[in-house]
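Trainee: See coords23.txt below, with compact mmCIF, C-alpha atoms.
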# COMPACT_ATOMS: atom_id res chain seq x y z
CA MET O 1 -12.18 -23.77 -5.06
CA THR O 2 -8.85 -22.69 -6.52
CA ASP O 3 -6.45 -20.62 -4.43
CA GLU O 4 -7.41 -17.54 -6.45
CA GLU O 5 -11.12 -18.09 -5.75
CA GLU O 6 -10.39 -18.61 -2.05
CA VAL O 7 -8.37 -15.37 -1.90
CA ARG O 8 -11.17 -13.45 -3.68
CA GLU O 9 -13.62 -14.85 -1.13
CA VAL O 10 -11.52 -13.80 1.89
CA ASN O 11 -10.95 -10.36 0.34
CA ARG O 12 -14.73 -10.02 -0.19
CA GLY O 13 -15.22 -11.13 3.43
CA PHE O 14 -12.90 -8.35 4.57
CA TYR O 15 -15.09 -5.70 2.87
CA LEU O 16 -18.25 -7.32 4.26
CA ALA O 17 -16.66 -7.14 7.74
CA LEU O 18 -15.92 -3.44 7.12
CA SER O 19 -19.52 -2.85 6.01
CA SER O 20 -21.07 -4.73 8.92
CA LEU O 21 -18.53 -3.40 11.50
CA ASP O 22 -17.93 -7.05 12.42
CA MET O 23 -14.96 -7.44 14.80
CA ASP O 24 -15.33 -11.24 15.01
CA ALA O 25 -14.94 -11.50 11.24
CA MET O 26 -11.84 -9.24 11.41
CA ASP O 27 -10.40 -11.59 14.04
CA ARG O 28 -10.91 -14.53 11.67
CA ILE O 29 -9.61 -12.73 8.54
CA TRP O 30 -6.27 -11.45 9.92
CA LEU O 31 -3.17 -13.39 10.90
CA HIS O 32 -2.45 -12.65 14.57
CA GLU O 33 1.27 -11.99 14.32
CA PRO O 34 3.46 -9.09 15.53
CA TRP O 35 4.70 -8.41 11.96
CA VAL O 36 1.39 -7.90 10.12
CA CYS O 37 0.82 -4.32 8.86
CA CYS O 38 -2.07 -1.96 8.23
CA VAL O 39 -2.22 1.54 6.76
CA HIS O 40 -5.65 3.17 7.05
CA PRO O 41 -6.31 6.11 4.67
CA GLY O 42 -4.42 9.12 6.04
CA TRP O 43 -2.93 7.22 9.02
CA SER O 44 0.65 6.26 9.81
CA GLY O 45 1.49 2.59 9.37
CA LEU O 46 0.51 0.18 12.15
CA ARG O 47 2.51 -2.97 12.93
CA GLY O 48 1.35 -6.03 14.83
CA TRP O 49 -2.12 -7.55 15.21
CA GLU O 50 -2.66 -6.05 18.68
CA GLU O 51 -2.24 -2.45 17.43
CA ILE O 52 -4.23 -3.20 14.25
CA ARG O 53 -7.08 -4.82 16.21
CA GLU O 54 -7.30 -1.72 18.44
CA SER O 55 -7.50 0.50 15.35
CA TRP O 56 -10.43 -1.49 13.93
CA GLU O 57 -12.21 -1.33 17.29
CA ARG O 58 -11.71 2.44 17.33
CA ILE O 59 -12.93 2.81 13.72
CA PHE O 60 -15.96 0.55 14.29
CA SER O 61 -16.95 2.33 17.53
CA ASN O 62 -16.82 5.70 15.71
CA THR O 63 -18.85 4.53 12.70
CA VAL O 64 -22.65 4.38 12.78
CA SER O 65 -23.12 2.79 9.39
CA GLN O 66 -21.12 2.44 6.17
CA THR O 67 -20.91 0.32 3.04
CA VAL O 68 -17.50 -0.52 1.62
CA GLU O 69 -17.55 -1.98 -1.88
CA GLU O 70 -14.57 -3.33 -3.82
CA SER O 71 -14.10 -2.86 -7.56
CA TRP O 72 -11.29 -3.29 -10.15
CA VAL O 73 -10.21 -6.37 -8.19
CA SER O 74 -6.97 -7.95 -9.41
CA VAL O 75 -5.66 -11.13 -7.72
CA ARG O 76 -2.18 -12.61 -8.02
CA VAL O 77 -1.34 -15.87 -6.23
CA VAL O 78 2.32 -16.95 -6.10
CA GLY O 79 2.61 -20.19 -4.12
CA GLU O 80 1.49 -19.47 -0.58
CA MET O 81 1.36 -15.67 -0.82
CA ALA O 82 -1.38 -13.71 -2.57
CA TRP O 83 -1.81 -10.05 -3.49
CA VAL O 84 -5.10 -8.30 -4.16
CA ALA O 85 -5.21 -4.79 -5.67
CA CYS O 86 -8.59 -3.08 -5.70
CA GLN O 87 -10.49 0.17 -5.37
CA GLU O 88 -12.75 0.78 -2.37
CA GLN O 89 -15.92 2.86 -2.41
CA VAL O 90 -16.98 3.91 1.08
CA SER O 91 -20.56 5.20 1.36
CA THR O 92 -22.40 6.42 4.42
CA PRO O 93 -26.24 6.53 4.40
CA PRO O 94 -28.06 9.91 4.29
CA GLU O 95 -28.71 9.84 8.07
CA ALA O 96 -24.95 9.46 8.66
CA GLY O 97 -23.89 12.23 6.30
CA GLY O 98 -24.48 10.67 2.87
CA MET O 99 -20.80 10.83 1.88
CA VAL O 100 -18.98 8.81 -0.78
CA SER O 101 -15.20 8.47 -0.83
CA PHE O 102 -12.74 6.29 -2.71
CA ALA O 103 -9.51 4.58 -1.75
CA VAL O 104 -6.94 2.52 -3.60
CA SER O 105 -6.07 -0.60 -1.65
CA ASN O 106 -3.47 -3.35 -1.66
CA ASN O 107 -4.09 -6.41 0.47
CA LEU O 108 -1.71 -9.31 1.11
CA PHE O 109 -2.52 -12.82 2.31
CA VAL O 110 -0.59 -15.95 3.26
CA LYS O 111 -1.88 -19.53 3.09
CA THR O 112 -2.07 -21.23 6.50
CA THR O 113 -3.49 -24.54 7.72
CA SER O 114 -6.70 -22.63 8.51
CA GLY O 115 -6.97 -20.93 5.13
CA TRP O 116 -5.76 -17.65 3.61
CA LYS O 117 -5.08 -14.94 6.22
CA MET O 118 -4.58 -11.19 5.75
CA ILE O 119 -1.08 -9.88 6.60
CA LEU O 120 -1.30 -6.40 5.05
CA HIS O 121 -4.03 -3.87 4.30
CA HIS O 122 -2.78 -0.60 2.79
CA ALA O 123 -5.45 1.90 1.73
CA SER O 124 -4.90 5.46 0.46
CA PRO O 125 -7.51 8.09 -0.35
CA VAL O 126 -8.02 8.57 -4.08
CA PRO O 127 -8.03 12.22 -5.17
CA VAL O 128 -11.44 13.05 -6.59
CA GLU O 129 -11.67 14.89 -9.90
CA LEU O 130 -14.25 17.66 -9.65
CA PRO O 131 -16.60 17.97 -12.63
CA THR O 132 -15.55 20.75 -15.00
CA SER O 133 -17.67 23.84 -14.43
CA PRO O 134 -19.64 25.07 -17.52
CA SER O 135 -17.63 28.31 -17.55
CA ALA O 136 -14.41 26.35 -18.04
CA LYS O 137 -15.70 24.76 -21.27
CA VAL O 138 -14.67 26.12 -24.63
CA HIS O 139 -17.80 26.95 -26.63
CA MET C 1 23.06 -14.39 -0.67
CA THR C 2 19.77 -15.62 0.78
CA ASP C 3 16.48 -14.63 -0.86
CA GLU C 4 15.89 -12.17 2.00
CA GLU C 5 19.27 -10.51 1.44
CA GLU C 6 18.61 -10.30 -2.30
CA VAL C 7 15.21 -8.68 -1.71
CA ARG C 8 16.75 -6.16 0.74
CA GLU C 9 19.36 -5.33 -1.90
CA VAL C 10 16.78 -4.75 -4.67
CA ASN C 11 14.66 -2.66 -2.29
CA ARG C 12 17.75 -0.57 -1.39
CA GLY C 13 18.46 -0.24 -5.13
CA PHE C 14 14.96 1.11 -5.63
CA TYR C 15 15.59 3.94 -3.10
CA LEU C 16 19.00 4.64 -4.63
CA ALA C 17 17.28 4.92 -8.04
CA LEU C 18 14.80 7.38 -6.50
CA SER C 19 17.65 9.40 -4.98
CA SER C 20 19.71 9.48 -8.18
CA LEU C 21 16.67 9.95 -10.49
CA ASP C 22 17.96 6.93 -12.43
CA MET C 23 15.44 5.73 -15.03
CA ASP C 24 17.69 2.90 -16.26
CA ALA C 25 17.80 1.45 -12.74
CA MET C 26 13.97 1.73 -12.51
CA ASP C 27 13.75 -0.20 -15.80
CA ARG C 28 15.89 -2.98 -14.28
CA ILE C 29 14.11 -3.04 -10.90
CA TRP C 30 10.49 -3.35 -12.12
CA LEU C 31 8.78 -6.27 -13.83
CA HIS C 32 7.49 -5.03 -17.21
CA GLU C 33 3.98 -6.48 -17.08
CA PRO C 34 0.54 -4.93 -17.62
CA TRP C 35 -0.61 -6.00 -14.12
CA VAL C 36 2.09 -4.38 -11.94
CA CYS C 37 0.84 -1.52 -9.71
CA CYS C 38 2.13 1.71 -8.24
CA VAL C 39 0.57 4.23 -5.86
CA HIS C 40 2.64 7.42 -5.43
CA PRO C 41 1.85 9.49 -2.30
CA GLY C 42 -1.42 11.33 -2.94
CA TRP C 43 -1.94 9.84 -6.42
CA SER C 44 -4.56 7.41 -7.73
CA GLY C 45 -3.34 3.87 -8.37
CA LEU C 46 -1.48 3.18 -11.61
CA ARG C 47 -1.62 -0.19 -13.38
CA GLY C 48 0.80 -1.55 -15.95
CA TRP C 49 4.51 -0.89 -16.46
CA GLU C 50 3.91 1.55 -19.33
CA GLU C 51 1.81 3.91 -17.19
CA ILE C 52 4.14 3.46 -14.19
CA ARG C 53 7.26 4.18 -16.29
CA GLU C 54 5.66 7.40 -17.57
CA SER C 55 4.93 8.46 -13.98
CA TRP C 56 8.58 7.97 -12.93
CA GLU C 57 9.75 9.94 -15.97
CA ARG C 58 7.35 12.73 -15.02
CA ILE C 59 8.49 12.70 -11.37
CA PHE C 60 12.19 12.59 -12.29
CA SER C 61 11.87 15.43 -14.82
CA ASN C 62 10.15 17.59 -12.18
CA THR C 63 12.74 16.87 -9.46
CA VAL C 64 16.05 18.73 -9.29
CA SER C 65 17.54 16.77 -6.42
CA GLN C 66 16.27 14.57 -3.59
CA THR C 67 17.43 11.88 -1.19
CA VAL C 68 15.07 9.06 -0.32
CA GLU C 69 16.13 6.95 2.65
CA GLU C 70 14.44 3.79 3.92
CA SER C 71 14.09 2.90 7.58
CA TRP C 72 12.13 0.40 9.73
CA VAL C 73 12.64 -2.13 6.92
CA SER C 74 10.79 -5.43 7.42
CA VAL C 75 11.18 -8.21 4.83
CA ARG C 76 9.00 -11.31 4.44
CA VAL C 77 9.83 -13.89 1.77
CA VAL C 78 7.25 -16.64 1.06
CA GLY C 79 8.50 -18.88 -1.75
CA GLU C 80 8.82 -16.74 -4.86
CA MET C 81 7.00 -13.65 -3.57
CA ALA C 82 8.46 -11.12 -1.14
CA TRP C 83 7.01 -8.18 0.76
CA VAL C 84 8.96 -5.23 2.15
CA ALA C 85 7.36 -2.75 4.56
CA CYS C 86 9.35 0.39 5.32
CA GLN C 87 9.28 4.10 6.04
CA GLU C 88 10.66 6.58 3.49
CA GLN C 89 12.29 9.89 4.36
CA VAL C 90 12.37 12.24 1.37
CA SER C 91 14.74 15.21 1.74
CA THR C 92 15.44 18.00 -0.72
CA PRO C 93 18.66 20.05 -0.37
CA PRO C 94 18.49 23.71 0.80
CA GLU C 95 18.80 25.01 -2.80
CA ALA C 96 15.73 22.93 -3.77
CA GLY C 97 13.58 24.02 -0.84
CA GLY C 98 15.13 22.10 2.08
CA MET C 99 12.00 20.06 2.78
CA VAL C 100 11.70 16.75 4.63
CA SER C 101 8.66 14.51 4.30
CA PHE C 102 7.83 10.95 5.34
CA ALA C 103 5.87 8.15 3.70
CA VAL C 104 4.91 4.64 4.72
CA SER C 105 5.60 2.21 1.92
CA ASN C 106 4.82 -1.37 0.99
CA ASN C 107 6.76 -2.96 -1.85
CA LEU C 108 6.19 -6.37 -3.45
CA PHE C 109 8.60 -8.47 -5.48
CA VAL C 110 8.49 -11.75 -7.41
CA LYS C 111 11.44 -14.03 -8.14
CA THR C 112 12.21 -14.38 -11.84
CA THR C 113 15.04 -16.00 -13.80
CA SER C 114 16.74 -12.58 -13.79
CA GLY C 115 16.34 -11.98 -10.05
CA TRP C 116 13.74 -10.36 -7.80
CA LYS C 117 11.56 -7.81 -9.63
CA MET C 118 9.22 -5.15 -8.18
CA ILE C 119 5.52 -5.66 -8.91
CA LEU C 120 4.02 -3.14 -6.44
CA HIS C 121 5.10 0.12 -4.83
CA HIS C 122 2.47 1.71 -2.58
CA ALA C 123 3.54 4.84 -0.68
CA SER C 124 1.33 7.10 1.45
CA PRO C 125 2.24 10.36 3.16
CA VAL C 126 2.74 10.00 6.91
CA PRO C 127 0.93 12.65 8.94
CA VAL C 128 3.52 14.75 10.77
CA GLU C 129 3.04 15.54 14.46
CA LEU C 130 3.74 19.22 15.10
CA PRO C 131 5.80 20.00 18.21
CA THR C 132 3.66 21.19 21.10
CA SER C 133 3.86 24.97 21.43
CA PRO C 134 5.14 26.26 24.83
CA SER C 135 1.77 27.91 25.53
CA ALA C 136 0.03 24.53 25.36
CA LYS C 137 2.16 23.13 28.15
CA VAL C 138 0.78 22.82 31.67
CA HIS C 139 3.08 24.66 34.06
I need this file expressed as structure tokens, please.

Mentor:
Amino acid sequence: MTDEEEVREVNRGFYLALSSLDMDAMDRIWLHEPWVCCVHPGWSGLRGWEEIRESWERIFSNTVSQTVEESWVSVRVVGEMAWVACQEQVSTPPEAGGMVSFAVSNNLFVKTTSGWKMILHHASPVPVELPTSPSAKVH
Amino acid sequence: MTDEEEVREVNRGFYLALSSLDMDAMDRIWLHEPWVCCVHPGWSGLRGWEEIRESWERIFSNTVSQTVEESWVSVRVVGEMAWVACQEQVSTPPEAGGMVSFAVSNNLFVKTTSGWKMILHHASPVPVELPTSPSAKVH
């Protein structure tokens, strides 16, 4: 696999971990350093793996079920650092509210002896355009 | 100057450009490629220098005066890619509303033959904690 393919795979793994509320996978995906960063949609920035790990535990324990899908994925590898820009679609099943929301996300990775590891996840809610009401149309 | 010092300088230049509404400086700071990305606080993600340039022109033409200061700056250089995490404080003078707001920001740069160039700016509003009202205190 090329570096780009490996980065795509780890990024995909991150969204699978989000969808399956899998803390062990999160542990494997992130670099455990005091300088890694995470910005959840609508949150302040978090610094350091300890604080970030706690936030995922809190999110996972408050989530019954969700699917997080990535789209518009763009990968840029420069030596041993890689950047992934993508859009996230978060869906909850009907029994958990049946909501769909979108976020724009930028993820950063560094290459280590045990593969590519996440050092930044920054996700922001995407404003949703409401469909134009019929009365607003010009006939 | 070390790479880290150069990156800090370009990042500082970016906030000076924001404070002085300086489009020429923005032109110099960014890499003009179709894959660069920008997420303004509360906006959807923008891709490509053309679209990003238009957004800065729109923001600058709608802003009378502002000061954008960076704090909590953390720089990480890995080869020819560099990541800056920081907090932004945006202040408008009394005659322009006298508002202060905060954003958490992640900026990415690549090293080119003409220096370090910005390839990502992702800023999200930071939720502000309201001071506790006296009535909420336990006496």

Trainee: Have a look at CA of Ala25 (chain O) and CA of Trp56 (chain O) and let me know their distance in Å, one decimal.

Mentor: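 Answer for the CA of Ala25 (chain O) to CA of Trp56 (chain O) separation: 11.3 Å.
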
Trainee: Return as AutoDock Vina command-line options the box centre and box size in Å, one decimal, for an axis-aligned box around all listed atoms of region 17-26 of chain C padded by 8 Å per side.

Mentor:
--center_x 16.8 --center_y 5.7 --center_z -10.6 --size_x 21.7 --size_y 24.5 --size_z 27.3

Trainee: Please identify all polymer residues within 10 Å of Val68 (chain O), counting all atoms listed in the file, omitting same-chain residues fewer than 3 positions from it, and present them as a list in words.

Mentor: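 Residues near the query, excluding close chain neighbours: Phe14, Tyr15, Leu16, Ala17, Leu18, Ser19, Ser20, Gln87, Glu88, Gln89, Val90, Ser91, Thr92, Val100, Ser101 and Phe102 of chain O.
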
Trainee: Identify the residues within 9 Å of coordinate (-5.1, 16.0, -1.4) (same frame as the file), considering only C-alpha atoms, and give the answer as a PyMOL selection string.

Mentor: (chain O and resi 125-128) or (chain C and resi 42-43)

Trainee: My list of candidates is C:Asp24, C:Glu129, C:Ser65, C:Ser124. Which is closest to Pro93 (chain C) when distances are computed with only C-alpha atoms?

Mentor: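 Closest to Pro93 (chain C) of all the choices is C:Ser65.
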
Trainee: Could you fit chain C onto chain O with a least-squares superposition over all C-alpha atoms, matched one to one in order, and give me the transformed chain as a PDB file with C-alpha atoms, in the coordinates of the input?

Mentor:
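Just written: selection-v1.pdb:
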ATOM      1  CA  MET C   1     -12.179 -23.856  -4.956  1.00  0.00           C
ATOM      2  CA  THR C   2      -8.847 -22.773  -6.427  1.00  0.00           C
ATOM      3  CA  ASP C   3      -6.427 -20.708  -4.338  1.00  0.00           C
ATOM      4  CA  GLU C   4      -7.409 -17.637  -6.384  1.00  0.00           C
ATOM      5  CA  GLU C   5     -11.107 -18.180  -5.660  1.00  0.00           C
ATOM      6  CA  GLU C   6     -10.369 -18.666  -1.960  1.00  0.00           C
ATOM      7  CA  VAL C   7      -8.349 -15.436  -1.837  1.00  0.00           C
ATOM      8  CA  ARG C   8     -11.149 -13.526  -3.635  1.00  0.00           C
ATOM      9  CA  GLU C   9     -13.604 -14.901  -1.075  1.00  0.00           C
ATOM     10  CA  VAL C  10     -11.491 -13.837   1.937  1.00  0.00           C
ATOM     11  CA  ASN C  11     -10.942 -10.407   0.369  1.00  0.00           C
ATOM     12  CA  ARG C  12     -14.725 -10.060  -0.173  1.00  0.00           C
ATOM     13  CA  GLY C  13     -15.217 -11.156   3.455  1.00  0.00           C
ATOM     14  CA  PHE C  14     -12.889  -8.385   4.561  1.00  0.00           C
ATOM     15  CA  TYR C  15     -15.079  -5.731   2.838  1.00  0.00           C
ATOM     16  CA  LEU C  16     -18.234  -7.329   4.236  1.00  0.00           C
ATOM     17  CA  ALA C  17     -16.652  -7.124   7.717  1.00  0.00           C
ATOM     18  CA  LEU C  18     -15.922  -3.431   7.083  1.00  0.00           C
ATOM     19  CA  SER C  19     -19.511  -2.851   5.945  1.00  0.00           C
ATOM     20  CA  SER C  20     -21.068  -4.703   8.884  1.00  0.00           C
ATOM     21  CA  LEU C  21     -18.541  -3.369  11.460  1.00  0.00           C
ATOM     22  CA  ASP C  22     -17.936  -7.010  12.420  1.00  0.00           C
ATOM     23  CA  MET C  23     -14.970  -7.381  14.789  1.00  0.00           C
ATOM     24  CA  ASP C  24     -15.336 -11.174  15.044  1.00  0.00           C
ATOM     25  CA  ALA C  25     -14.949 -11.471  11.267  1.00  0.00           C
ATOM     26  CA  MET C  26     -11.843  -9.206  11.412  1.00  0.00           C
ATOM     27  CA  ASP C  27     -10.410 -11.541  14.074  1.00  0.00           C
ATOM     28  CA  ARG C  28     -10.917 -14.503  11.709  1.00  0.00           C
ATOM     29  CA  ILE C  29      -9.623 -12.731   8.581  1.00  0.00           C
ATOM     30  CA  TRP C  30      -6.282 -11.441   9.946  1.00  0.00           C
ATOM     31  CA  LEU C  31      -3.187 -13.392  10.939  1.00  0.00           C
ATOM     32  CA  HIS C  32      -2.469 -12.619  14.616  1.00  0.00           C
ATOM     33  CA  GLU C  33       1.264 -11.954  14.370  1.00  0.00           C
ATOM     34  CA  PRO C  34       3.440  -9.062  15.564  1.00  0.00           C
ATOM     35  CA  TRP C  35       4.708  -8.405  12.004  1.00  0.00           C
ATOM     36  CA  VAL C  36       1.403  -7.897  10.136  1.00  0.00           C
ATOM     37  CA  CYS C  37       0.825  -4.329   8.852  1.00  0.00           C
ATOM     38  CA  CYS C  38      -2.054  -1.973   8.204  1.00  0.00           C
ATOM     39  CA  VAL C  39      -2.204   1.518   6.709  1.00  0.00           C
ATOM     40  CA  HIS C  40      -5.648   3.161   6.989  1.00  0.00           C
ATOM     41  CA  PRO C  41      -6.280   6.089   4.595  1.00  0.00           C
ATOM     42  CA  GLY C  42      -4.391   9.103   5.949  1.00  0.00           C
ATOM     43  CA  TRP C  43      -2.914   7.230   8.935  1.00  0.00           C
ATOM     44  CA  SER C  44       0.674   6.254   9.744  1.00  0.00           C
ATOM     45  CA  GLY C  45       1.509   2.572   9.321  1.00  0.00           C
ATOM     46  CA  LEU C  46       0.523   0.186  12.108  1.00  0.00           C
ATOM     47  CA  ARG C  47       2.516  -2.957  12.920  1.00  0.00           C
ATOM     48  CA  GLY C  48       1.348  -5.999  14.842  1.00  0.00           C
ATOM     49  CA  TRP C  49      -2.120  -7.512  15.226  1.00  0.00           C
ATOM     50  CA  GLU C  50      -2.649  -5.982  18.681  1.00  0.00           C
ATOM     51  CA  GLU C  51      -2.237  -2.407  17.414  1.00  0.00           C
ATOM     52  CA  ILE C  52      -4.221  -3.174  14.235  1.00  0.00           C
ATOM     53  CA  ARG C  53      -7.095  -4.758  16.207  1.00  0.00           C
ATOM     54  CA  GLU C  54      -7.294  -1.654  18.418  1.00  0.00           C
ATOM     55  CA  SER C  55      -7.491   0.544  15.307  1.00  0.00           C
ATOM     56  CA  TRP C  56     -10.432  -1.458  13.890  1.00  0.00           C
ATOM     57  CA  GLU C  57     -12.216  -1.269  17.248  1.00  0.00           C
ATOM     58  CA  ARG C  58     -11.680   2.494  17.262  1.00  0.00           C
ATOM     59  CA  ILE C  59     -12.914   2.855  13.661  1.00  0.00           C
ATOM     60  CA  PHE C  60     -15.944   0.611  14.234  1.00  0.00           C
ATOM     61  CA  SER C  61     -16.945   2.413  17.447  1.00  0.00           C
ATOM     62  CA  ASN C  62     -16.792   5.763  15.618  1.00  0.00           C
ATOM     63  CA  THR C  63     -18.836   4.566  12.616  1.00  0.00           C
ATOM     64  CA  VAL C  64     -22.633   4.418  12.697  1.00  0.00           C
ATOM     65  CA  SER C  65     -23.111   2.820   9.304  1.00  0.00           C
ATOM     66  CA  GLN C  66     -21.107   2.440   6.094  1.00  0.00           C
ATOM     67  CA  THR C  67     -20.891   0.292   2.982  1.00  0.00           C
ATOM     68  CA  VAL C  68     -17.488  -0.553   1.573  1.00  0.00           C
ATOM     69  CA  GLU C  69     -17.529  -2.025  -1.924  1.00  0.00           C
ATOM     70  CA  GLU C  70     -14.553  -3.386  -3.859  1.00  0.00           C
ATOM     71  CA  SER C  71     -14.072  -2.953  -7.586  1.00  0.00           C
ATOM     72  CA  TRP C  72     -11.273  -3.403 -10.170  1.00  0.00           C
ATOM     73  CA  VAL C  73     -10.190  -6.475  -8.184  1.00  0.00           C
ATOM     74  CA  SER C  74      -6.947  -8.073  -9.405  1.00  0.00           C
ATOM     75  CA  VAL C  75      -5.649 -11.229  -7.688  1.00  0.00           C
ATOM     76  CA  ARG C  76      -2.159 -12.731  -7.975  1.00  0.00           C
ATOM     77  CA  VAL C  77      -1.334 -15.972  -6.161  1.00  0.00           C
ATOM     78  CA  VAL C  78       2.340 -17.069  -6.017  1.00  0.00           C
ATOM     79  CA  GLY C  79       2.643 -20.287  -4.010  1.00  0.00           C
ATOM     80  CA  GLU C  80       1.501 -19.541  -0.476  1.00  0.00           C
ATOM     81  CA  MET C  81       1.362 -15.742  -0.752  1.00  0.00           C
ATOM     82  CA  ALA C  82      -1.373 -13.787  -2.522  1.00  0.00           C
ATOM     83  CA  TRP C  83      -1.797 -10.139  -3.453  1.00  0.00           C
ATOM     84  CA  VAL C  84      -5.089  -8.373  -4.149  1.00  0.00           C
ATOM     85  CA  ALA C  85      -5.186  -4.885  -5.681  1.00  0.00           C
ATOM     86  CA  CYS C  86      -8.562  -3.153  -5.724  1.00  0.00           C
ATOM     87  CA  GLN C  87     -10.471   0.095  -5.421  1.00  0.00           C
ATOM     88  CA  GLU C  88     -12.734   0.721  -2.414  1.00  0.00           C
ATOM     89  CA  GLN C  89     -15.899   2.806  -2.490  1.00  0.00           C
ATOM     90  CA  VAL C  90     -16.953   3.880   1.003  1.00  0.00           C
ATOM     91  CA  SER C  91     -20.536   5.173   1.261  1.00  0.00           C
ATOM     92  CA  THR C  92     -22.386   6.426   4.315  1.00  0.00           C
ATOM     93  CA  PRO C  93     -26.218   6.527   4.281  1.00  0.00           C
ATOM     94  CA  PRO C  94     -28.050   9.906   4.147  1.00  0.00           C
ATOM     95  CA  GLU C  95     -28.712   9.843   7.929  1.00  0.00           C
ATOM     96  CA  ALA C  96     -24.946   9.475   8.539  1.00  0.00           C
ATOM     97  CA  GLY C  97     -23.896  12.254   6.179  1.00  0.00           C
ATOM     98  CA  GLY C  98     -24.449  10.671   2.743  1.00  0.00           C
ATOM     99  CA  MET C  99     -20.779  10.812   1.764  1.00  0.00           C
ATOM    100  CA  VAL C 100     -18.956   8.766  -0.874  1.00  0.00           C
ATOM    101  CA  SER C 101     -15.181   8.424  -0.924  1.00  0.00           C
ATOM    102  CA  PHE C 102     -12.715   6.232  -2.810  1.00  0.00           C
ATOM    103  CA  ALA C 103      -9.473   4.526  -1.833  1.00  0.00           C
ATOM    104  CA  VAL C 104      -6.921   2.437  -3.676  1.00  0.00           C
ATOM    105  CA  SER C 105      -6.043  -0.645  -1.687  1.00  0.00           C
ATOM    106  CA  ASN C 106      -3.460  -3.405  -1.690  1.00  0.00           C
ATOM    107  CA  ASN C 107      -4.079  -6.458   0.467  1.00  0.00           C
ATOM    108  CA  LEU C 108      -1.712  -9.366   1.137  1.00  0.00           C
ATOM    109  CA  PHE C 109      -2.531 -12.861   2.344  1.00  0.00           C
ATOM    110  CA  VAL C 110      -0.599 -15.989   3.331  1.00  0.00           C
ATOM    111  CA  LYS C 111      -1.884 -19.562   3.200  1.00  0.00           C
ATOM    112  CA  THR C 112      -2.080 -21.232   6.602  1.00  0.00           C
ATOM    113  CA  THR C 113      -3.510 -24.534   7.838  1.00  0.00           C
ATOM    114  CA  SER C 114      -6.726 -22.624   8.612  1.00  0.00           C
ATOM    115  CA  GLY C 115      -6.978 -20.931   5.209  1.00  0.00           C
ATOM    116  CA  TRP C 116      -5.766 -17.671   3.678  1.00  0.00           C
ATOM    117  CA  LYS C 117      -5.083 -14.959   6.282  1.00  0.00           C
ATOM    118  CA  MET C 118      -4.568 -11.199   5.777  1.00  0.00           C
ATOM    119  CA  ILE C 119      -1.093  -9.900   6.623  1.00  0.00           C
ATOM    120  CA  LEU C 120      -1.301  -6.416   5.037  1.00  0.00           C
ATOM    121  CA  HIS C 121      -4.026  -3.890   4.278  1.00  0.00           C
ATOM    122  CA  HIS C 122      -2.773  -0.638   2.740  1.00  0.00           C
ATOM    123  CA  ALA C 123      -5.445   1.865   1.669  1.00  0.00           C
ATOM    124  CA  SER C 124      -4.887   5.413   0.394  1.00  0.00           C
ATOM    125  CA  PRO C 125      -7.476   8.054  -0.448  1.00  0.00           C
ATOM    126  CA  VAL C 126      -8.001   8.504  -4.185  1.00  0.00           C
ATOM    127  CA  PRO C 127      -7.978  12.136  -5.290  1.00  0.00           C
ATOM    128  CA  VAL C 128     -11.410  12.998  -6.685  1.00  0.00           C
ATOM    129  CA  GLU C 129     -11.688  14.874  -9.983  1.00  0.00           C
ATOM    130  CA  LEU C 130     -14.232  17.679  -9.669  1.00  0.00           C
ATOM    131  CA  PRO C 131     -16.628  18.081 -12.605  1.00  0.00           C
ATOM    132  CA  THR C 132     -15.636  20.925 -14.901  1.00  0.00           C
ATOM    133  CA  SER C 133     -17.782  23.987 -14.225  1.00  0.00           C
ATOM    134  CA  PRO C 134     -19.797  25.284 -17.244  1.00  0.00           C
ATOM    135  CA  SER C 135     -17.826  28.552 -17.220  1.00  0.00           C
ATOM    136  CA  ALA C 136     -14.585  26.654 -17.827  1.00  0.00           C
ATOM    137  CA  LYS C 137     -15.891  25.160 -21.043  1.00  0.00           C
ATOM    138  CA  VAL C 138     -14.821  26.559 -24.402  1.00  0.00           C
ATOM    139  CA  HIS C 139     -17.914  27.508 -26.382  1.00  0.00           C
TER     140      HIS C 139
END

Trainee: Please determine, counting only C-alpha atoms, which residue among C:Gly115, C:Met99, C:Trp72, C:Gly79 has the shortest atom-to-atom distance to Leu46 (chain O).

Mentor: C:Trp72

Trainee: Suppose you want the space between CA of Ala85 (chain C) and CA of Phe60 (chain O); what is it in Å?

Mentor: 25.5 Å

Trainee: Work out how far apart CA of Pro41 (chain O) and CA of Gly45 (chain C) are and give it in Å to one decimal.

Mentor: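 One can read the CA of Pro41 (chain O) to CA of Gly45 (chain C) distance as 13.6 Å.
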